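**Q** One structure is given below, represented as structure tokens, and several questions about it will come after.
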Amino acid sequence: MSSFASSIAKVFYGTLIHSVSVKEIEYISNGLLFVDVHGRIAKIVRDLPRDQFRDSLDGVHESKVVLLNDDQFVIPGFVDSHIHAPQYAYCGIGHDIPLLEWLDTLTFPHEAKFKDAAYARQVYSKAVARSLRNGTTSACWFATIHLDATKELVKVIEEQGQRAYVGKVNMNQNSPDFLKETTQSSVADTRSFIEYVNAINATLGLDTKPLVTPIITPRFAISCTPDLLTELGKLAVEFDLPIQTHLCENLNEIDVTLSLFPGSTTYTSVYADHGLLTHRSIMAHCVHMKDEEFQLMKDKRAGISHCASSNFNIKSGMANVRKMLEMDLKVGLGTDVAGGFSSSILDAFRTSRTCSIARSPDDSLLIPELFYLATMGGARVMELADTIGNFEVGKEFDAILVNTSVRHSPVDIFEHDTIRTKFEKYLFVGDDRNNEKVYVQGKEVRLPDL
Ligand code: GUN
Ligand code: FE
């Protein structure tokens, strides 16, 4: 066997669909995609007739080929750039209340339960399994303030095999006593958490890129004192880490923030002033942004997680994604469970479309743009555009094998359907039942029955 052939773990033959730019989806029909033993895409060959693809296997044994039928295609895995793992337990509840009241009455009392790591494991196992089932191969998770429970979330993600950023949440002011840290314990526990994840990653072989990365996670400016924000900014530099938080979600939240930080000119500059706005920052929502705030995001190369479903549910407003794209800001989609009621990026895709039409029908987001946001956009926001997001040689293979005609499929296929209409039906009508297989770093994820 040639060395190329022996380096290959899997080959897909059939239709591959991915974004090549924000405006363009490429449909690779009769494609051959080789995945190597490290989970990387080694080679892609286009337009090979069905009776000839064997000639292009370059010595790879046919038993390694996943042969797709006409109702199946492979797409890049979805990126959920903002989701709260503990909130999965009450997903679907409380959508009549605006943000600050929703946090006080529902979220904070619930998150306090994560003092109990065993309870955390129960909820986190389901939250991660559901996210993977929905085709999310990469996610940016908020946990809670609790160190042990956040470690539990890392263990669950490692067991289930998702690519993830995981954050221990920081809160040391304007929070109930039962969910509040001191500055000192908040910083110390964050450092312990980072060291915990780094120690796990250090045990991996050199050929395997870690799937889980710690992320600095101040809940939002309201719940952190200036000295805590400053210390977290320093930790991000010391360990070279990404950062995630909430920004300009709700008008009332903005007023409270500006009154707490009179030295900063805008909400966005509160984070910048404390070293928390970098090219690795992921800012959720950005619904009510001044022009200068978008410009500051651009200058710092910070990313945005657009959480349309949450923004409707808890009545925050409608973000101007068209403007973000025009400014070439990095933007991806977030489910924001449990502000959002669904951990499916397909739902986020649909709600983002509705949001953009409601805002401005004449320049609403088009399907290629929305699909880009769900995959490549998220990869850019995570600063992983060189690693995931679409099918390019050298990237890691994170993907969904979609089947539009499985048993109990919500999608109905007719004779006139083409691969393009099947793909579009999946985007608008499909759900996790159509996600026949999910792959992260080339490995098939075991999808549990839920
Ligand atoms: N702002 C601060 N905390 C939260 C949260 O848990 N969810 C949402 N949607 N916004 C927040
Ligand atoms: Fe959120």
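By order of appearance in the structure tokens: chains A, B, ..., then residues from 1 within every chain, and ligands from 1 in the order shown.
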Let me see if you get this right: every residue at most 7 Å from ligand 1, counting only C-alpha atoms and all ligand atoms, written as a list of chain:residue names.
**A**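 The distance check yields A:His84, A:Leu99, A:Leu103, A:Thr107, A:Arg219, A:Phe220, A:His246, A:Glu249, A:Ser310, A:Asp336, A:Gly339.
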**Q** Can I get the selection written as a compact mmCIF listing (two decimals), in the first residue's frame, with N, CA and C atoms?
**A**
# COMPACT_ATOMS: atom_id res chain seq x y z
N HIS A 84 -25.71 28.18 26.52
CA HIS A 84 -25.54 28.01 27.97
C HIS A 84 -25.93 26.58 28.35
N LEU A 99 -35.02 40.32 29.56
CA LEU A 99 -33.72 39.81 30.03
C LEU A 99 -33.45 39.91 31.54
N LEU A 103 -33.32 36.78 34.05
CA LEU A 103 -32.12 36.32 34.77
C LEU A 103 -32.44 36.15 36.26
N THR A 107 -33.20 32.25 35.64
CA THR A 107 -31.84 31.76 35.34
C THR A 107 -30.98 31.62 36.60
N ARG A 219 -19.80 36.89 32.78
CA ARG A 219 -21.20 36.73 32.33
C ARG A 219 -21.61 37.89 31.45
N PHE A 220 -21.54 39.09 32.00
CA PHE A 220 -21.64 40.36 31.28
C PHE A 220 -21.14 41.45 32.21
N HIS A 246 -21.67 38.72 26.89
CA HIS A 246 -22.86 39.30 26.25
C HIS A 246 -22.64 40.79 26.01
N GLU A 249 -27.47 43.56 24.38
CA GLU A 249 -28.58 42.64 24.09
C GLU A 249 -29.92 43.34 24.24
N SER A 310 -33.23 33.83 20.60
CA SER A 310 -33.24 34.41 21.94
C SER A 310 -33.69 35.88 21.90
N ASP A 336 -28.11 30.31 21.89
CA ASP A 336 -28.35 30.96 23.18
C ASP A 336 -29.41 30.24 24.00
N GLY A 339 -32.26 31.31 26.40
CA GLY A 339 -32.95 32.46 25.84
C GLY A 339 -33.58 31.99 24.54
**Q** Going by DSSP on the backbone, which residues of stretch 69-110 of chain A come out as strand (DSSP E)? List them as a list in words.
**A**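 Residues meeting the strand (DSSP E) criterion: Gln72, Phe73, Val74, Ile75, Pro76, Phe78, Val79, Asp80, Ser81, His82, Ile83 and His84 of chain A.
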**Q** Based on the selection just made, write C-alpha atoms of those residues as an mmCIF file, in the first residue's frame.
**A**
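Saved as result-v6.cif:
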data_model
loop_
_atom_site.group_PDB
_atom_site.id
_atom_site.type_symbol
_atom_site.label_atom_id
_atom_site.label_comp_id
_atom_site.auth_asym_id
_atom_site.auth_seq_id
_atom_site.Cartn_x
_atom_site.Cartn_y
_atom_site.Cartn_z
ATOM 1 C CA GLN A 72 -27.578 11.790 0.989
ATOM 2 C CA PHE A 73 -25.007 14.552 1.073
ATOM 3 C CA VAL A 74 -22.232 15.751 3.355
ATOM 4 C CA ILE A 75 -22.079 19.301 4.732
ATOM 5 C CA PRO A 76 -19.719 20.956 7.230
ATOM 6 C CA PHE A 78 -22.666 23.496 12.373
ATOM 7 C CA VAL A 79 -21.002 25.978 14.722
ATOM 8 C CA ASP A 80 -23.013 27.201 17.705
ATOM 9 C CA SER A 81 -21.102 30.267 18.811
ATOM 10 C CA HIS A 82 -23.183 30.889 21.956
ATOM 11 C CA ILE A 83 -24.988 28.423 24.214
ATOM 12 C CA HIS A 84 -25.535 28.007 27.973
#
**Q** Please check which protein, DNA or RNA residues sit within 12 Å of ligand 2, counting only C-alpha atoms and all ligand atoms, and write them as a ChimeraX atom specification.
**A** /A:80-88,99-100,102-103,107,140-144,169,217-220,244-250,282-286,305-311,314,316,333-341
**Q** Kindly assemble as a Markdown table a list of the stretch 276-314 of chain A residues that lie within 8 Å of stretch 376-396 of chain A, each paired with its nearest atom pair and their distance in Å to one decimal, using only C-alpha atoms, sorted first by chain and then by ascending residue number.
**A**
| residue | atom | partner | partner_atom | distance |
| --- | --- | --- | --- | --- |
| A:His279 | CA | A:Glu383 | CA | 7.8 |
| A:Arg280 | CA | A:Glu383 | CA | 6.5 |
| A:Ser281 | CA | A:Val381 | CA | 8.0 |
| A:Ile282 | CA | A:Val381 | CA | 6.5 |
| A:Ala302 | CA | A:Val381 | CA | 7.7 |
| A:Gly303 | CA | A:Val381 | CA | 4.8 |
| A:Ile304 | CA | A:Val381 | CA | 6.7 |
| A:Ser305 | CA | A:Val381 | CA | 7.6 |
**Q** Using only C-alpha atoms for the distances, tell me which of A:Leu366, A:Leu147, A:Leu346, A:Val429 is nearest to A:Asn134.
**A**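 With only C-alpha atoms as the atom set, the closest residue is A:Leu346.
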**Q** Once DSSP has gone over the backbone, tell me which residues of stretch 52-206 of chain A are in helix (DSSP H, G or I), as a ChimeraX atom specification.
**A** /A:53-56,62-64,86-90,99-115,117-133,147-160,177-179,183-202
**Q** Within 10 Å of A:Val438, counting only C-alpha atoms, which residues show up once you throw out same-chain ones fewer than 5 positions away? Write them as a list in words, please.
**A**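 Once the adjacent positions are removed, what remains is Val74, Ile75, Pro76, Gly77, Leu132, Arg133, Asn134, Gly135, Thr136, Thr137, Gln162, Asp398, Ala399, Ile400, Leu401, Val402, Lys443, Glu444, Val445, Arg446 and Leu447 of chain A.
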**Q** Selected residues, C-alpha atoms, written as a PDB file, in the first residue's frame, please.
**A**
ATOM      1  CA  VAL A  74     -22.232  15.751   3.355  1.00  0.00           C
ATOM      2  CA  ILE A  75     -22.079  19.301   4.732  1.00  0.00           C
ATOM      3  CA  PRO A  76     -19.719  20.956   7.230  1.00  0.00           C
ATOM      4  CA  GLY A  77     -20.809  20.570  10.855  1.00  0.00           C
ATOM      5  CA  LEU A 132     -24.387  16.999  18.747  1.00  0.00           C
ATOM      6  CA  ARG A 133     -27.553  15.294  17.515  1.00  0.00           C
ATOM      7  CA  ASN A 134     -28.540  18.599  16.000  1.00  0.00           C
ATOM      8  CA  GLY A 135     -25.311  18.571  14.009  1.00  0.00           C
ATOM      9  CA  THR A 136     -23.357  21.071  16.090  1.00  0.00           C
ATOM     10  CA  THR A 137     -19.770  19.909  15.800  1.00  0.00           C
ATOM     11  CA  GLN A 162     -17.587  17.618  20.401  1.00  0.00           C
ATOM     12  CA  ASP A 398     -16.156  18.154  10.976  1.00  0.00           C
ATOM     13  CA  ALA A 399     -19.274  17.206   9.071  1.00  0.00           C
ATOM     14  CA  ILE A 400     -22.843  15.987   8.952  1.00  0.00           C
ATOM     15  CA  LEU A 401     -23.938  13.188   6.691  1.00  0.00           C
ATOM     16  CA  VAL A 402     -27.488  14.250   5.841  1.00  0.00           C
ATOM     17  CA  LYS A 443     -14.312  10.522  13.848  1.00  0.00           C
ATOM     18  CA  GLU A 444     -17.927   9.469  13.750  1.00  0.00           C
ATOM     19  CA  VAL A 445     -19.657  10.667  16.904  1.00  0.00           C
ATOM     20  CA  ARG A 446     -21.859   8.137  18.629  1.00  0.00           C
ATOM     21  CA  LEU A 447     -25.278   9.796  18.531  1.00  0.00           C
TER      22      LEU A 447
END
**Q** Leaving out A:Glu415 and any residue of its chain fewer than 4 positions from it, which residues lie within 12 Å of it when counting only C-alpha atoms, given as a list in words?
**A** Asp70, Asp71, Ile419, Thr421 and Lys422 of chain A
**Q** Neighbouring residues of stretch 19-29 of chain A were defined as those with any atom within 7 Å, considering only C-alpha atoms; residues of the same chain fewer than 2 positions away were excluded. Please report them as a PyMOL selection string.
**A** chain A and resi 14-17+31+46-47+368-369+372+390
**Q** Please produce an output containing N, CA, C and O atoms for each residue in the selection, written as a tab-separated table (two decimals), in the first residue's frame.
**A**
chain	number	residue	atom	x	y	z
A	14	GLY	N	-19.74	10.99	-3.22
A	14	GLY	CA	-21.11	11.45	-3.42
A	14	GLY	C	-21.15	12.96	-3.46
A	14	GLY	O	-20.19	13.60	-3.87
A	15	THR	N	-22.26	13.55	-2.99
A	15	THR	CA	-22.42	15.00	-3.04
A	15	THR	C	-21.89	15.66	-1.77
A	15	THR	O	-22.25	15.26	-0.67
A	16	LEU	N	-21.07	16.67	-1.96
A	16	LEU	CA	-20.53	17.46	-0.85
A	16	LEU	C	-21.02	18.90	-1.06
A	16	LEU	O	-20.92	19.43	-2.17
A	17	ILE	N	-21.52	19.51	-0.01
A	17	ILE	CA	-22.05	20.88	-0.14
A	17	ILE	C	-21.41	21.75	0.95
A	17	ILE	O	-21.43	21.36	2.12
A	31	GLY	N	-18.28	13.76	-5.84
A	31	GLY	CA	-16.99	14.12	-5.27
A	31	GLY	C	-16.40	12.97	-4.47
A	31	GLY	O	-17.12	12.09	-3.98
A	46	ARG	N	-13.21	16.22	-7.74
A	46	ARG	CA	-14.57	16.60	-8.16
A	46	ARG	C	-14.99	15.85	-9.43
A	46	ARG	O	-14.14	15.42	-10.21
A	47	ASP	N	-16.29	15.73	-9.60
A	47	ASP	CA	-16.89	15.25	-10.86
A	47	ASP	C	-16.36	13.91	-11.35
A	47	ASP	O	-15.88	13.79	-12.48
A	368	PRO	N	-27.40	31.44	0.83
A	368	PRO	CA	-25.96	31.21	0.94
A	368	PRO	C	-25.33	31.95	2.13
A	368	PRO	O	-24.43	31.44	2.78
A	369	GLU	N	-25.83	33.16	2.38
A	369	GLU	CA	-25.28	33.93	3.50
A	369	GLU	C	-25.61	33.27	4.84
A	369	GLU	O	-24.77	33.18	5.73
A	372	TYR	N	-23.56	30.17	5.28
A	372	TYR	CA	-22.20	30.60	5.63
A	372	TYR	C	-22.13	30.93	7.13
A	372	TYR	O	-21.21	30.50	7.83
A	390	ASN	N	-15.47	24.66	6.34
A	390	ASN	CA	-15.83	24.16	5.01
A	390	ASN	C	-14.84	23.07	4.61
A	390	ASN	O	-13.99	22.67	5.43
